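Participant: Dropping a structure here in structure tokens format, bear with me for questions.
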Amino acid sequence: MSADLSTPAAPDTAADSPAAVGSGGAARGAAGGAVAGSSSGDLRMPDLSFLFAHAGHVLATEMHARLAEIDLTPRGQCVLTHAQQGEFTQIQLAEQSALDKTTMVLTVDELEKRGLAERHPSPTDRRARIIAVTDTGLAKAAEGARVVDEVHRDVLAAIPEAEREAFVRNLELLVGGRLSTPVESGRPVRRGGHTGKG
């Protein structure tokens with residue numbers, strides 16, 4: 001969802017910002033890039049792994065809490081958003097939503113139970129099911145989209161206005177380029193991300 005970067009509302013308190021949660025670790029990670037190193041003028045690299053992991057986790061917890069206020073989950077909102085953009089099978093929607101098969105089935109089961117989505121036979125594949133969003137689901141997805149935009153706008157409000165567009169543009173540059181594809185290592189990667197720098 002795109003947010004209006006020019007007129008965001010300021011956060012209510014400093015505690016609403018990601019840096020306020022686990023501030024000790026956040027301060028260590030952020031300080032890494034601001035502290036001068038040797039006399040040659042080299043700067044210590046910031047702990048990007050920690051900063052991205054921490055910010056993403058805090059944003060995810062806030063998004064989950066805010067969507068819960070309207071009886072939605074981030075996964076449900078994601079599926080409803082994608083499903084209303086065309087006739088997609090459950091497998092296609094799982095790929096678009098980055099959900100595994102089991103999680104996708106459980107998510108659609110819940111949406112169907114609440115009357116927000118329906119499964120229909122595919123006209124081209126008898127084994128596949130098309131996920132259709134009901135009128136109630138469309139209204140709920142629109143409500144969820146407003147919540148998502150509000151959260152994103154509040155987060156961007158913590159950045160000086162003149163720097164917001166550049167911040168988003170550079171994040172999109174990373175996600176679309178250098179950090180676009182996960183690297184297979186043969187080992188499960190768990191949340192954390194602190195590499196001990198700082």
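How things are named: the first chain in the structure tokens is A, the next is B, and so on; residues count from 1 in each chain; ligands count from 1 in the order shown.
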Where in range 77-186 of chain A does DSSP assign alpha helix (DSSP H), given as a ChimeraX atom specification?
Facilitator: /A:77-83,90-96,101-113,135-156,161-176
Participant: Restrict the selected residues to C-alpha atoms and save them as a PDB file, in the first residue's frame.
Facilitator:
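Dumped to result.pdb:
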ATOM      1  CA  GLN A  77      -5.651  -8.967   4.755  1.00  0.00           C
ATOM      2  CA  CYS A  78      -2.924 -10.024   2.334  1.00  0.00           C
ATOM      3  CA  VAL A  79      -5.001 -12.831   0.823  1.00  0.00           C
ATOM      4  CA  LEU A  80      -8.113 -10.649   0.499  1.00  0.00           C
ATOM      5  CA  THR A  81      -6.071  -7.919  -1.192  1.00  0.00           C
ATOM      6  CA  HIS A  82      -4.579 -10.274  -3.778  1.00  0.00           C
ATOM      7  CA  ALA A  83      -7.737 -12.313  -4.324  1.00  0.00           C
ATOM      8  CA  GLN A  90      -5.513 -21.134  -3.956  1.00  0.00           C
ATOM      9  CA  ILE A  91      -2.011 -22.156  -5.074  1.00  0.00           C
ATOM     10  CA  GLN A  92      -1.513 -18.944  -7.044  1.00  0.00           C
ATOM     11  CA  LEU A  93      -2.662 -16.828  -4.107  1.00  0.00           C
ATOM     12  CA  ALA A  94      -0.328 -18.717  -1.778  1.00  0.00           C
ATOM     13  CA  GLU A  95       2.597 -17.795  -4.044  1.00  0.00           C
ATOM     14  CA  GLN A  96       1.525 -14.161  -4.279  1.00  0.00           C
ATOM     15  CA  LYS A 101       0.272 -24.561   1.503  1.00  0.00           C
ATOM     16  CA  THR A 102      -0.848 -25.394   5.048  1.00  0.00           C
ATOM     17  CA  THR A 103      -0.982 -21.762   6.190  1.00  0.00           C
ATOM     18  CA  MET A 104      -2.863 -20.782   3.036  1.00  0.00           C
ATOM     19  CA  VAL A 105      -5.502 -23.469   3.599  1.00  0.00           C
ATOM     20  CA  LEU A 106      -6.021 -22.397   7.214  1.00  0.00           C
ATOM     21  CA  THR A 107      -6.224 -18.722   6.208  1.00  0.00           C
ATOM     22  CA  VAL A 108      -8.807 -19.331   3.487  1.00  0.00           C
ATOM     23  CA  ASP A 109     -10.768 -21.647   5.797  1.00  0.00           C
ATOM     24  CA  GLU A 110     -11.044 -18.800   8.312  1.00  0.00           C
ATOM     25  CA  LEU A 111     -11.985 -16.228   5.655  1.00  0.00           C
ATOM     26  CA  GLU A 112     -14.623 -18.585   4.249  1.00  0.00           C
ATOM     27  CA  LYS A 113     -16.002 -19.361   7.712  1.00  0.00           C
ATOM     28  CA  ASP A 135     -19.017  -8.216  -0.841  1.00  0.00           C
ATOM     29  CA  THR A 136     -18.467  -8.421   2.903  1.00  0.00           C
ATOM     30  CA  GLY A 137     -14.850  -9.378   2.248  1.00  0.00           C
ATOM     31  CA  LEU A 138     -14.351  -6.425  -0.101  1.00  0.00           C
ATOM     32  CA  ALA A 139     -15.585  -4.047   2.585  1.00  0.00           C
ATOM     33  CA  LYS A 140     -13.359  -5.683   5.204  1.00  0.00           C
ATOM     34  CA  ALA A 141     -10.321  -5.556   2.895  1.00  0.00           C
ATOM     35  CA  ALA A 142     -10.919  -1.839   2.274  1.00  0.00           C
ATOM     36  CA  GLU A 143     -11.093  -1.268   6.028  1.00  0.00           C
ATOM     37  CA  GLY A 144      -7.894  -3.243   6.463  1.00  0.00           C
ATOM     38  CA  ALA A 145      -6.148  -1.237   3.728  1.00  0.00           C
ATOM     39  CA  ARG A 146      -6.912   1.971   5.609  1.00  0.00           C
ATOM     40  CA  VAL A 147      -5.372   0.516   8.775  1.00  0.00           C
ATOM     41  CA  VAL A 148      -2.264  -0.622   6.879  1.00  0.00           C
ATOM     42  CA  ASP A 149      -1.796   2.839   5.366  1.00  0.00           C
ATOM     43  CA  GLU A 150      -2.276   4.488   8.760  1.00  0.00           C
ATOM     44  CA  VAL A 151       0.416   2.323  10.352  1.00  0.00           C
ATOM     45  CA  HIS A 152       2.862   2.941   7.505  1.00  0.00           C
ATOM     46  CA  ARG A 153       2.133   6.669   7.610  1.00  0.00           C
ATOM     47  CA  ASP A 154       2.745   6.768  11.358  1.00  0.00           C
ATOM     48  CA  VAL A 155       6.075   4.975  10.930  1.00  0.00           C
ATOM     49  CA  LEU A 156       7.234   7.355   8.192  1.00  0.00           C
ATOM     50  CA  GLU A 161       9.729  14.961   6.053  1.00  0.00           C
ATOM     51  CA  ALA A 162      12.466  15.944   3.606  1.00  0.00           C
ATOM     52  CA  GLU A 163      14.028  12.469   3.905  1.00  0.00           C
ATOM     53  CA  ARG A 164      10.922  10.239   3.626  1.00  0.00           C
ATOM     54  CA  GLU A 165      10.761   9.831  -0.140  1.00  0.00           C
ATOM     55  CA  ALA A 166      14.481   9.067  -0.365  1.00  0.00           C
ATOM     56  CA  PHE A 167      14.150   6.531   2.480  1.00  0.00           C
ATOM     57  CA  VAL A 168      11.315   4.650   0.739  1.00  0.00           C
ATOM     58  CA  ARG A 169      13.016   4.894  -2.636  1.00  0.00           C
ATOM     59  CA  ASN A 170      16.228   3.375  -1.265  1.00  0.00           C
ATOM     60  CA  LEU A 171      14.323   0.574   0.501  1.00  0.00           C
ATOM     61  CA  GLU A 172      12.601  -0.238  -2.805  1.00  0.00           C
ATOM     62  CA  LEU A 173      16.006  -0.188  -4.504  1.00  0.00           C
ATOM     63  CA  LEU A 174      17.350  -2.760  -2.043  1.00  0.00           C
ATOM     64  CA  VAL A 175      14.260  -4.992  -2.121  1.00  0.00           C
ATOM     65  CA  GLY A 176      14.136  -4.879  -5.908  1.00  0.00           C
TER      66      GLY A 176
END
Participant: Have a look at A:Arg187, A:Ala98, A:Glu87, A:Ala60 and name the one nearest to Pro123 in chain A; count only C-alpha atoms.
Facilitator: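 Smallest distance to Pro123 in chain A is found for A:Glu87.
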Participant: Out of range 44-172 of chain A, which residues get strand (DSSP E or B) from DSSP, as an mmCIF file with C-alpha atoms, in the first residue's frame?
Facilitator:
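Output contents, as saved in out00.cif:
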data_model
loop_
_atom_site.group_PDB
_atom_site.id
_atom_site.type_symbol
_atom_site.label_atom_id
_atom_site.label_comp_id
_atom_site.auth_asym_id
_atom_site.auth_seq_id
_atom_site.Cartn_x
_atom_site.Cartn_y
_atom_site.Cartn_z
ATOM 1 C CA THR A 89 -6.423 -20.395 -7.535
ATOM 2 C CA ALA A 117 -14.251 -15.296 0.793
ATOM 3 C CA GLU A 118 -15.564 -18.320 -1.083
ATOM 4 C CA ARG A 119 -13.996 -21.241 -2.921
ATOM 5 C CA HIS A 120 -15.336 -21.902 -6.428
ATOM 6 C CA PRO A 121 -14.371 -24.660 -8.890
ATOM 7 C CA ARG A 129 -10.363 -23.867 -6.546
ATOM 8 C CA ILE A 130 -10.717 -20.168 -7.285
ATOM 9 C CA ILE A 131 -10.805 -17.904 -4.225
ATOM 10 C CA ALA A 132 -13.455 -15.224 -4.636
ATOM 11 C CA VAL A 133 -13.884 -12.311 -2.252
#
Participant: Kindly give the distance, in Å, that separates CA of Glu184 in chain A and CA of Arg75 in chain A, rounded to a single decimal.
Facilitator: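 Computing the Euclidean distance for CA of Glu184 in chain A and CA of Arg75 in chain A yields 24.3 Å.
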